[in-house]
>>> print(open('run_26.cif').read())   # mmCIF, C-alpha atoms and all ligand atoms
data_work
loop_
_atom_site.label_atom_id
_atom_site.label_comp_id
_atom_site.auth_asym_id
_atom_site.auth_seq_id
_atom_site.Cartn_x
_atom_site.Cartn_y
_atom_site.Cartn_z
CA MET A 28 0.00 0.00 0.00
CA LYS A 29 1.26 3.52 -0.73
CA GLU A 30 2.10 5.83 2.15
CA THR A 31 -0.38 8.66 2.62
CA GLU A 32 1.03 12.13 1.96
CA LEU A 33 1.19 13.83 5.33
CA ASP A 34 3.69 16.31 6.72
CA TRP A 35 5.28 13.43 8.66
CA LYS A 36 8.20 15.38 10.05
CA ASN A 37 5.96 18.00 11.65
CA LEU A 38 3.29 15.80 13.19
CA SER A 39 2.33 16.56 16.77
CA PHE A 40 0.71 14.17 19.25
CA SER A 41 -2.85 14.67 18.07
CA TYR A 42 -5.68 12.70 16.51
CA TYR A 43 -5.65 12.16 12.78
CA PRO A 44 -8.44 9.96 11.41
CA SER A 45 -7.62 6.54 9.99
CA LYS A 46 -9.69 4.52 7.53
CA TYR A 47 -10.31 1.57 9.80
CA ASN A 48 -10.56 0.52 13.41
CA VAL A 49 -11.14 -2.99 14.79
CA ARG A 50 -13.62 -4.07 17.42
CA CYS A 51 -14.48 -7.10 19.51
CA THR A 52 -17.45 -7.62 21.82
CA PHE A 53 -17.78 -9.71 24.97
CA LYS A 54 -21.37 -10.97 25.19
CA ASP A 55 -23.12 -14.02 26.65
CA GLY A 56 -19.94 -14.97 28.48
CA LYS A 57 -17.59 -15.03 25.46
CA TRP A 58 -15.52 -12.85 23.15
CA GLY A 59 -16.82 -12.67 19.58
CA ASP A 60 -14.95 -12.38 16.28
CA ILE A 61 -12.80 -9.37 15.42
CA GLU A 62 -14.78 -6.91 13.33
CA VAL A 63 -13.45 -4.18 11.04
CA SER A 64 -15.19 -0.81 11.07
CA ASP A 65 -14.80 2.27 8.90
CA SER A 66 -16.81 4.44 11.31
CA GLU A 67 -15.27 6.67 13.97
CA TYR A 68 -18.43 6.39 16.08
CA ILE A 69 -20.07 3.77 18.29
CA PRO A 70 -23.72 3.24 19.13
CA ILE A 71 -23.92 3.04 22.90
CA HIS A 72 -26.73 2.53 25.42
CA ILE A 73 -27.52 5.62 27.49
CA ALA A 74 -27.20 3.57 30.70
CA ALA A 75 -23.88 1.87 29.77
CA THR A 76 -21.56 1.43 32.78
CA CYS A 77 -18.69 3.24 31.01
CA LEU A 78 -20.82 6.40 30.87
CA HIS A 79 -21.96 6.32 34.48
CA TYR A 80 -19.40 4.44 36.53
CA GLY A 81 -16.20 4.93 34.60
CA GLN A 82 -15.70 1.39 33.34
CA GLU A 83 -13.06 2.34 30.78
CA ILE A 84 -9.44 1.24 30.38
CA PHE A 85 -6.98 1.81 27.55
CA GLU A 86 -3.49 1.10 26.28
CA GLY A 87 -0.93 2.89 24.14
CA LEU A 88 1.74 1.34 21.95
CA LYS A 89 3.55 2.20 18.75
CA ALA A 90 4.41 0.77 15.33
CA PHE A 91 7.46 2.02 13.45
CA ARG A 92 8.62 1.87 9.81
CA GLY A 93 12.11 0.44 10.01
CA LYS A 94 15.24 1.14 8.02
CA ASP A 95 14.46 -1.99 5.99
CA GLY A 96 10.95 -0.70 5.19
CA LYS A 97 9.33 -3.27 7.49
CA ILE A 98 6.79 -2.39 10.17
CA ARG A 99 7.78 -3.15 13.77
CA ILE A 100 5.36 -3.17 16.70
CA PHE A 101 7.05 -2.56 20.05
CA ARG A 102 6.43 -4.93 23.01
CA MET A 103 2.80 -5.65 22.21
CA GLU A 104 2.56 -8.61 24.64
CA GLU A 105 3.49 -6.34 27.55
CA ASN A 106 0.63 -4.01 26.66
CA ALA A 107 -1.66 -7.04 26.37
CA LYS A 108 -0.68 -8.14 29.90
CA ARG A 109 -1.20 -4.66 31.33
CA PHE A 110 -4.60 -4.45 29.58
CA ILE A 111 -5.58 -7.61 31.48
CA ARG A 112 -4.34 -6.17 34.79
CA SER A 113 -6.22 -2.93 34.21
CA ALA A 114 -9.41 -4.84 33.35
CA GLU A 115 -9.17 -7.00 36.45
CA GLY A 116 -8.47 -3.92 38.59
CA ILE A 117 -11.85 -2.40 37.82
CA LYS A 118 -13.82 -5.63 37.39
CA MET A 119 -13.95 -5.64 33.60
CA GLU A 120 -13.61 -8.67 31.35
CA PRO A 121 -9.93 -9.29 30.47
CA LEU A 122 -9.17 -9.67 26.77
CA PRO A 123 -6.95 -12.72 26.12
CA ILE A 124 -3.36 -11.89 25.07
CA ASP A 125 -3.70 -13.66 21.70
CA LYS A 126 -6.82 -11.71 20.82
CA PHE A 127 -5.17 -8.44 21.86
CA CYS A 128 -2.15 -9.14 19.63
CA GLU A 129 -4.30 -10.28 16.70
CA MET A 130 -6.32 -7.06 16.92
CA VAL A 131 -3.20 -4.89 17.11
CA LYS A 132 -1.65 -6.56 14.06
CA LYS A 133 -4.90 -6.34 12.14
CA VAL A 134 -5.49 -2.64 12.80
CA VAL A 135 -1.90 -1.77 11.87
CA LYS A 136 -2.05 -3.83 8.66
CA LEU A 137 -5.38 -2.28 7.66
CA ASN A 138 -3.94 1.22 8.14
CA GLU A 139 -0.46 0.44 6.81
CA GLU A 140 -0.36 3.63 4.76
CA LEU A 141 -0.48 5.66 7.99
CA VAL A 142 2.73 4.16 9.39
CA PRO A 143 5.09 7.14 9.01
CA PRO A 144 8.15 6.69 6.77
CA TYR A 145 11.55 5.78 8.16
CA GLY A 146 13.52 8.89 9.08
CA SER A 147 10.47 11.08 9.75
CA GLY A 148 10.74 10.78 13.54
CA ALA A 149 7.02 9.94 13.65
CA SER A 150 5.29 6.64 14.44
CA LEU A 151 1.86 5.04 14.37
CA TYR A 152 0.23 5.23 17.80
CA ILE A 153 -2.10 2.34 18.55
CA ARG A 154 -4.81 3.00 21.11
CA PRO A 155 -6.71 -0.06 22.39
CA LEU A 156 -9.61 0.71 24.70
CA GLU A 157 -12.26 -1.27 26.51
CA ILE A 158 -15.61 -0.10 27.86
CA GLY A 159 -18.46 -1.63 29.85
CA VAL A 160 -21.57 -1.43 27.68
CA SER A 161 -24.39 -3.12 29.65
CA ALA A 162 -27.24 -0.89 30.77
CA LYS A 163 -27.19 -0.52 34.58
CA VAL A 164 -28.16 2.03 37.17
CA GLY A 165 -26.93 0.12 40.22
CA VAL A 166 -23.19 0.43 40.83
CA SER A 167 -21.97 -2.97 39.62
CA PRO A 168 -19.77 -4.25 36.79
CA SER A 169 -21.10 -4.62 33.27
CA SER A 170 -21.69 -8.08 31.81
CA GLU A 171 -20.96 -6.91 28.25
CA TYR A 172 -17.81 -5.21 26.99
CA LEU A 173 -16.53 -3.62 23.81
CA VAL A 174 -12.85 -3.45 22.85
CA ILE A 175 -11.89 -1.01 20.11
CA MET A 176 -8.45 -0.44 18.64
CA LEU A 177 -7.80 2.73 16.71
CA VAL A 178 -4.60 4.15 15.26
CA THR A 179 -3.27 7.60 14.53
CA PRO A 180 0.13 8.79 13.26
CA VAL A 181 1.95 10.88 15.86
CA GLY A 182 5.01 13.03 16.44
CA PRO A 183 6.47 14.10 19.82
CA TYR A 184 4.21 14.21 22.91
CA PHE A 185 5.94 17.21 24.47
CA LYS A 186 6.34 20.20 22.14
CA THR A 187 10.05 20.24 22.95
CA GLY A 188 10.52 16.67 21.57
CA PHE A 189 13.94 15.44 22.67
CA LYS A 190 14.89 18.94 23.90
CA PRO A 191 14.73 19.36 27.70
CA THR A 192 11.52 20.52 29.26
CA LYS A 193 10.43 22.06 32.59
CA VAL A 194 8.03 20.42 35.02
CA CYS A 195 6.53 21.49 38.35
CA ILE A 196 5.52 20.03 41.71
CA SER A 197 2.37 21.10 43.54
CA ARG A 198 0.99 19.46 46.66
CA GLU A 199 -2.49 20.73 45.82
CA TYR A 200 -3.21 17.89 43.45
CA ASP A 201 -3.20 14.10 43.58
CA ARG A 202 -3.61 12.06 40.42
CA VAL A 203 -4.65 8.95 42.31
CA ALA A 204 -5.24 7.60 45.84
CA PRO A 205 -2.48 5.71 47.74
CA LYS A 206 -4.07 2.30 47.28
CA GLY A 207 -6.30 3.32 44.39
CA THR A 208 -6.12 2.81 40.64
CA GLY A 209 -2.78 4.51 39.93
CA SER A 210 -1.09 1.37 38.65
CA LEU A 211 -3.89 0.73 36.13
CA LYS A 212 -4.36 2.39 32.76
CA PHE A 213 -7.85 3.44 33.79
CA GLY A 214 -9.53 6.45 32.16
CA GLY A 215 -10.57 7.92 35.52
CA ASN A 216 -6.92 8.53 36.48
CA TYR A 217 -6.55 10.76 33.44
CA GLY A 218 -9.77 12.66 34.16
CA ALA A 219 -8.41 13.27 37.66
CA SER A 220 -5.18 14.70 36.21
CA LEU A 221 -6.72 17.23 33.81
CA LEU A 222 -7.07 20.16 36.21
CA ALA A 223 -3.50 19.82 37.50
CA GLY A 224 -2.20 19.33 33.95
CA GLU A 225 -3.92 22.48 32.69
CA LYS A 226 -2.61 24.47 35.68
CA ALA A 227 0.91 23.30 34.86
CA HIS A 228 0.48 24.32 31.19
CA GLU A 229 -0.90 27.75 32.15
CA MET A 230 2.26 28.35 34.17
CA GLY A 231 4.50 27.33 31.27
CA TYR A 232 5.36 23.78 32.38
CA SER A 233 5.03 20.69 30.22
CA VAL A 234 3.53 18.64 32.97
CA MET A 235 3.01 18.11 36.69
CA LEU A 236 5.52 15.93 38.51
CA TYR A 237 3.33 14.13 41.05
CA LEU A 238 4.45 13.23 44.56
CA ASP A 239 3.27 10.07 46.27
CA PRO A 240 -0.33 10.69 47.38
CA LYS A 241 0.16 9.39 50.95
CA GLU A 242 3.12 11.27 52.40
CA LYS A 243 3.89 13.75 49.59
CA LYS A 244 7.50 12.94 50.21
CA TYR A 245 8.54 10.85 47.23
CA ILE A 246 8.59 11.43 43.48
CA ASP A 247 5.82 9.40 41.85
CA GLU A 248 5.44 10.07 38.13
CA CYS A 249 5.47 12.72 35.53
CA GLY A 250 1.98 13.30 34.12
CA ALA A 251 1.36 10.45 31.71
CA ALA A 252 4.95 9.22 31.91
CA ASN A 253 7.32 7.63 34.44
CA PHE A 254 10.32 9.45 35.89
CA PHE A 255 13.94 8.38 35.89
CA ALA A 256 17.20 10.07 36.85
CA ILE A 257 20.89 9.39 36.44
CA LYS A 258 23.59 9.77 39.07
CA ASP A 259 26.92 8.06 39.72
CA ASN A 260 26.48 5.80 36.70
CA THR A 261 23.15 4.60 38.12
CA TYR A 262 19.65 4.65 36.60
CA VAL A 263 17.24 5.54 39.43
CA THR A 264 13.46 5.28 39.08
CA PRO A 265 10.62 5.36 41.64
CA SER A 266 9.18 2.24 43.14
CA SER A 267 5.56 3.09 43.94
CA GLN A 268 2.15 1.45 44.18
CA SER A 269 0.47 4.49 42.70
CA ILE A 270 2.26 4.78 39.35
CA LEU A 271 1.67 3.00 36.05
CA PRO A 272 4.36 0.36 35.43
CA SER A 273 5.74 1.81 32.21
CA ILE A 274 6.84 -0.53 29.44
CA THR A 275 9.24 2.14 28.17
CA ASN A 276 10.77 2.41 31.65
CA MET A 277 11.05 -1.39 31.82
CA SER A 278 12.90 -1.30 28.47
CA LEU A 279 15.17 1.58 29.47
CA LYS A 280 16.11 -0.23 32.70
CA GLN A 281 17.25 -3.17 30.58
CA LEU A 282 19.14 -0.91 28.15
CA ALA A 283 20.77 0.90 31.09
CA LYS A 284 22.02 -2.48 32.38
CA ASP A 285 23.25 -3.34 28.88
CA LEU A 286 25.20 -0.06 28.90
CA GLY A 287 26.85 -1.06 32.19
CA LEU A 288 24.81 1.18 34.50
CA LYS A 289 23.45 0.10 37.86
CA VAL A 290 19.67 0.17 38.10
CA GLU A 291 17.83 1.16 41.28
CA GLU A 292 14.06 1.06 41.67
CA ARG A 293 13.31 2.65 45.02
CA ASN A 294 11.74 5.59 46.82
CA ILE A 295 13.11 8.92 45.62
CA THR A 296 12.70 11.85 48.00
CA ILE A 297 12.45 15.44 46.82
CA GLU A 298 15.64 16.12 48.81
CA GLU A 299 17.48 13.80 46.46
CA LEU A 300 16.65 15.90 43.37
CA PRO A 301 19.74 18.17 43.65
CA THR A 302 22.01 15.11 43.48
CA PHE A 303 20.82 14.04 40.02
CA GLU A 304 23.02 14.64 36.99
CA GLU A 305 20.20 13.97 34.50
CA ALA A 306 16.42 13.58 34.78
CA SER A 307 13.80 12.47 32.28
CA ALA A 308 10.18 11.51 31.71
CA CYS A 309 9.61 8.28 29.82
CA GLY A 310 6.66 6.57 28.18
CA THR A 311 5.28 5.38 24.86
CA ALA A 312 4.07 8.85 23.93
CA ALA A 313 6.87 10.74 25.72
CA VAL A 314 9.64 8.26 24.66
CA CYS A 315 12.48 9.92 26.66
CA SER A 316 11.75 13.56 27.35
CA PRO A 317 14.68 15.08 29.22
CA ILE A 318 13.82 17.36 32.14
CA SER A 319 16.01 20.43 32.58
CA GLN A 320 14.24 21.88 35.61
CA VAL A 321 11.80 20.93 38.37
CA ASP A 322 10.13 23.85 40.15
CA ASP A 323 8.58 23.11 43.53
CA LEU A 324 5.72 25.63 43.52
CA ASP A 325 5.02 25.23 47.24
CA THR A 326 8.54 25.88 48.53
CA GLY A 327 9.76 28.10 45.67
CA THR A 328 12.78 25.82 45.12
CA SER A 329 14.10 25.10 41.62
CA TYR A 330 16.17 22.04 40.77
CA THR A 331 18.15 21.96 37.54
CA PHE A 332 19.84 19.10 35.72
CA GLY A 333 22.62 19.46 33.18
CA LYS A 334 22.43 22.05 30.40
CA PRO A 335 19.06 23.81 29.94
CA ASP A 336 18.87 23.11 26.19
CA GLU A 337 20.66 19.80 25.79
CA ALA A 338 19.85 16.27 26.95
CA GLY A 339 22.50 14.63 29.14
CA PRO A 340 24.86 12.01 27.68
CA ILE A 341 23.31 8.94 29.31
CA THR A 342 19.72 9.94 28.54
CA THR A 343 20.85 10.55 24.95
CA ALA A 344 22.55 7.15 24.75
CA LEU A 345 19.45 5.39 26.13
CA TYR A 346 17.12 7.27 23.78
CA ASN A 347 19.31 6.49 20.75
CA LYS A 348 19.54 2.82 21.67
CA LEU A 349 15.77 2.48 22.15
CA ARG A 350 15.04 4.27 18.86
CA ALA A 351 17.62 2.20 16.99
CA ILE A 352 15.91 -1.02 18.12
CA GLN A 353 12.45 0.28 17.27
CA LEU A 354 13.61 1.36 13.81
CA GLY A 355 15.52 -1.84 13.05
CA GLU A 356 18.84 -0.03 12.89
CA GLU A 357 20.38 -2.26 15.55
CA PRO A 358 19.78 -5.90 16.45
CA ASP A 359 16.72 -6.50 18.60
CA ASP A 360 18.65 -8.59 21.14
CA HIS A 361 15.75 -8.74 23.58
CA ASN A 362 13.12 -9.65 20.96
CA TRP A 363 11.01 -6.60 21.68
CA CYS A 364 9.72 -5.96 18.16
CA GLU A 365 7.14 -7.94 16.22
CA ILE A 366 7.77 -7.53 12.50
CA LEU A 367 4.55 -7.47 10.44
CA ASP A 368 4.42 -9.77 7.40
N1 LIG A 401 2.49 6.66 33.41
C1 LIG A 401 1.28 6.98 32.95
C2 LIG A 401 0.29 7.56 33.88
C3 LIG A 401 0.97 6.77 31.59
O1 LIG A 401 -0.23 7.10 31.10
C4 LIG A 401 1.95 6.22 30.74
C5 LIG A 401 1.64 5.95 29.34
O2 LIG A 401 1.32 4.89 28.94
C6 LIG A 401 3.20 5.89 31.28
C7 LIG A 401 3.43 6.12 32.62
C8 LIG A 401 4.25 5.26 30.42
O3 LIG A 401 3.96 3.91 30.19
P1 LIG A 401 4.42 3.20 28.87
O4 LIG A 401 5.89 3.34 28.78
O5 LIG A 401 4.01 1.79 29.03
O6 LIG A 401 3.73 3.88 27.74
C1 LIG A 402 1.13 6.63 26.32
O1 LIG A 402 2.28 7.00 26.49
O2 LIG A 402 0.83 5.67 25.60
C2 LIG A 402 0.03 7.31 26.97
O3 LIG A 402 -0.98 6.68 27.13
C3 LIG A 402 0.20 8.68 27.41
C4 LIG A 402 -0.95 9.61 27.18
C5 LIG A 402 -1.11 10.02 25.77
C6 LIG A 402 -2.22 9.21 27.85
#
>>> encode(input="run_26.cif", output="structure tokens", more="lines below")
Ligand code: PLP
Ligand code: COI
Amino acid sequence: MKETELDWKNLSFSYYPSKYNVRCTFKDGKWGDIEVSDSEYIPIHIAATCLHYGQEIFEGLKAFRGKDGKIRIFRMEENAKRFIRSAEGIKMEPLPIDKFCEMVKKVVKLNEELVPPYGSGASLYIRPLEIGVSAKVGVSPSSEYLVIMLVTPVGPYFKTGFKPTKVCISREYDRVAPKGTGSLKFGGNYGASLLAGEKAHEMGYSVMLYLDPKEKKYIDECGAANFFAIKDNTYVTPSSQSILPSITNMSLKQLAKDLGLKVEERNITIEELPTFEEASACGTAAVCSPISQVDDLDTGTSYTFGKPDEAGPITTALYNKLRAIQLGEEPDDHNWCEILD
């Protein structure tokens, strides 16, 4: 199929319509066949549980056009596993891993022309979502579910791309509760982050760096991305019950080990911030987004890392390594990419 003519190099992280999406329904105790749709809309019952009681989960993963022209999908099985965990966490029906992967491959293949060309810096973002669709007014889980997978070509999540960005801390906002849904990719967490996110934007920051919701002592995560820092040849990232276990972070931890760094997953206090040589947000959308400055709005303290307009050397090495694997420029030693036929 021919690639669509888009301004690939200047894409932002926004929705661009695709020709097809794929869908699968859970009804009468079983998942049905995968269906292909060319509509961007869904008919939904006015009493569906997703509309009233927030039964909605989602995922985010990417497909890349490699140096060899082939399409690579990054760590799809990990997203499938997390989709199951999220479903179970809010009493939804888990979609089997095989079905998840079949749907991902199908929606990418159907929209092949939207996979950005090699060298553009853009990728195809795949967004699986699941909603409870049974009509209910009592607060209880749905018995019927709909999974939809849509795709859209995207560029960088933060406007600055791989250039360092500024983030802020404010104790006024929690994204999630201490033993709540923070480790699930549950729509409600994102609704709860919108006010804080907009406040951060209004003040000129890319995103809010959340503290742990219990003690407000430790770094939790960075908007819709995990946080990591580098010091003394060590990759340090928060261990927390209230953050989403990021597949990008998991991959970077492995790449950091491959590069000979030590990896520490542990509590990170705010007091430790000044000791970091480099800091970064990481995620599927964010990839690695270096952080040049953290402003604590409550204490008026600013923490800076490295040069204000240049990513640090280790963050750069990790980013380059991850990209090279995703684009088929270097061997995929950990078998992270599924190559589409
Ligand atoms: N944290 C949150 C809250 C997210 O929404 C995301 C995005 O998926 C991440 C972290 C990064 O996770 P991943 O690397 O799996 O995309
Ligand atoms: C992702 O990185 O895949 C995300 O889901 C982040 C955000 C766009 C919600």
>>> closest_atom_pairs(input="run_26.cif", of="chain A", to="ligand LIG 402 (chain A)", cutoff="6 Å", atoms="all atoms listed in the file", output="Markdown table")
| residue | atom | partner | partner_atom | distance |
| --- | --- | --- | --- | --- |
| A:Gly87 | CA | A:LIG402 | O2 | 3.6 |
| A:Leu88 | CA | A:LIG402 | O2 | 5.7 |
| A:Ala251 | CA | A:LIG402 | C3 | 4.8 |
| A:Gly310 | CA | A:LIG402 | O1 | 4.7 |
| A:Thr311 | CA | A:LIG402 | O1 | 3.8 |
| A:Ala312 | CA | A:LIG402 | O1 | 3.6 |
| A:Ala313 | CA | A:LIG402 | O1 | 6.0 |
>>> closest_residue(input="run_26.cif", among="A:Leu33, A:Leu137, A:Leu211, A:Leu324", to="ligand LIG 401 (chain A)", atoms="all atoms listed in the file")
A:Leu211
>>> residues_near_ligand(input="run_26.cif", ligand="ligand LIG 401 (chain A)", cutoff="10 Å", atoms="only C-alpha atoms and all ligand atoms", output="ChimeraX atom specification")
/A:85-89,102,105-106,109,202-203,209-214,216-217,220,247-254,269-279,308-315
>>> closest_residue(input="run_26.cif", among="A:Tyr42, A:Tyr47, A:Phe53, A:Phe101", to="Ser66 (chain A)", atoms="only C-alpha atoms")
A:Tyr47
>>> atom_distance(input="run_26.cif", atom1="CA of Asn260 (chain A)", atom2="CA of Gly188 (chain A)")
24.5 Å
>>> residues_around(input="run_26.cif", residues="Ser233 (chain A)", least_positions_apart="4", cutoff="7 Å", atoms="only C-alpha atoms", output="PyMOL selection string")
chain A and resi 185+192-194+227-228
>>> atom_distance(input="run_26.cif", atom1="CA of Gly116 (chain A)", atom2="CA of Ala90 (chain A)")
27.0 Å
>>> atom_distance(input="run_26.cif", atom1="CA of Tyr200 (chain A)", atom2="CA of Leu238 (chain A)")
9.0 Å
>>> residues_around(input="run_26.cif", residues="Leu288 (chain A)", least_positions_apart="6", cutoff="10 Å", atoms="all atoms listed in the file", output="list in words")
Ile257, Lys258, Asp259, Asn260, Thr261, Tyr262, Lys280, Gln281, Leu282 and Ile341 of chain A
>>> residues_around(input="run_26.cif", residues="Asn48 (chain A)", least_positions_apart="6", cutoff="8 Å", atoms="all atoms listed in the file", output="ChimeraX atom specification")
/A:63-67,134,175-178
>>> residues_around(input="run_26.cif", residues="region 355-361 of chain A", least_positions_apart="3", cutoff="6 Å", atoms="only C-alpha atoms", output="ChimeraX atom specification")
/A:93-94,351-352
>>> residues_around(input="run_26.cif", residues="Glu292 (chain A)", least_positions_apart="6", cutoff="7 Å", atoms="only C-alpha atoms", output="PDB file with C-alpha atoms, in the coordinates of the input")
ATOM      1  CA  VAL A 263      17.240   5.540  39.430  1.00  0.00           C
ATOM      2  CA  THR A 264      13.460   5.280  39.080  1.00  0.00           C
ATOM      3  CA  PRO A 265      10.620   5.360  41.640  1.00  0.00           C
ATOM      4  CA  SER A 266       9.180   2.240  43.140  1.00  0.00           C
TER       5      SER A 266
END
>>> closest_residue(input="run_26.cif", among="A:Ala256, A:Met119, A:Ile98, A:Ile196", to="Pro144 (chain A)", atoms="only C-alpha atoms")
A:Ile98
>>> closest_residue(input="run_26.cif", among="A:Phe255, A:Tyr152, A:Trp58, A:Phe189", to="Phe40 (chain A)", atoms="only C-alpha atoms")
A:Tyr152
